[in-house]
Amino acid sequence: MNTTPQKTVTAVEATVTSKGQVTLPSELRKRLGIQRGSRIRFSIPARGAVRVEPVLYDLEDLWRMADSGGQTGGPMSFAEMDAAKAKRQW
């Protein structure tokens, strides 16, 4: 008897408009916790699959975390803050 859990893959499709826009399928929005006004990030490696993830923090959140001593890893370094700022699109 095989007791190894099977990985379940959910595939969803969407159509790209003439403006390059896509409506995210509800299954994807639910899984990622995306609501109106949410930000998402596309990570595009040189090879392999594109990764889509919600943007959990914006710069103001990172500064608040830094002021309060950061999370369990301790205070955020200036290099970490600079890296966070560099990711932000102004």
# chains A, B, ... in the order shown; residues from 1 in each chain; ligands from 1

$ closest_atom_pairs --of "stretch 25-44 of chain A" --to "stretch 48-54 of chain A" --cutoff "8 Å" --atoms "only C-alpha atoms" --output "CSV"
residue,atom,partner,partner_atom,distance
A:Leu32,CA,A:Pro54,CA,6.3
A:Gly33,CA,A:Pro54,CA,7.6
A:Ile34,CA,A:Pro54,CA,6.9
A:Ser38,CA,A:Pro54,CA,7.3
A:Arg39,CA,A:Pro54,CA,6.0
A:Ile40,CA,A:Pro54,CA,4.3
A:Arg41,CA,A:Glu53,CA,5.4
A:Phe42,CA,A:Val52,CA,4.7
A:Ser43,CA,A:Arg51,CA,5.0
A:Ile44,CA,A:Val50,CA,5.0
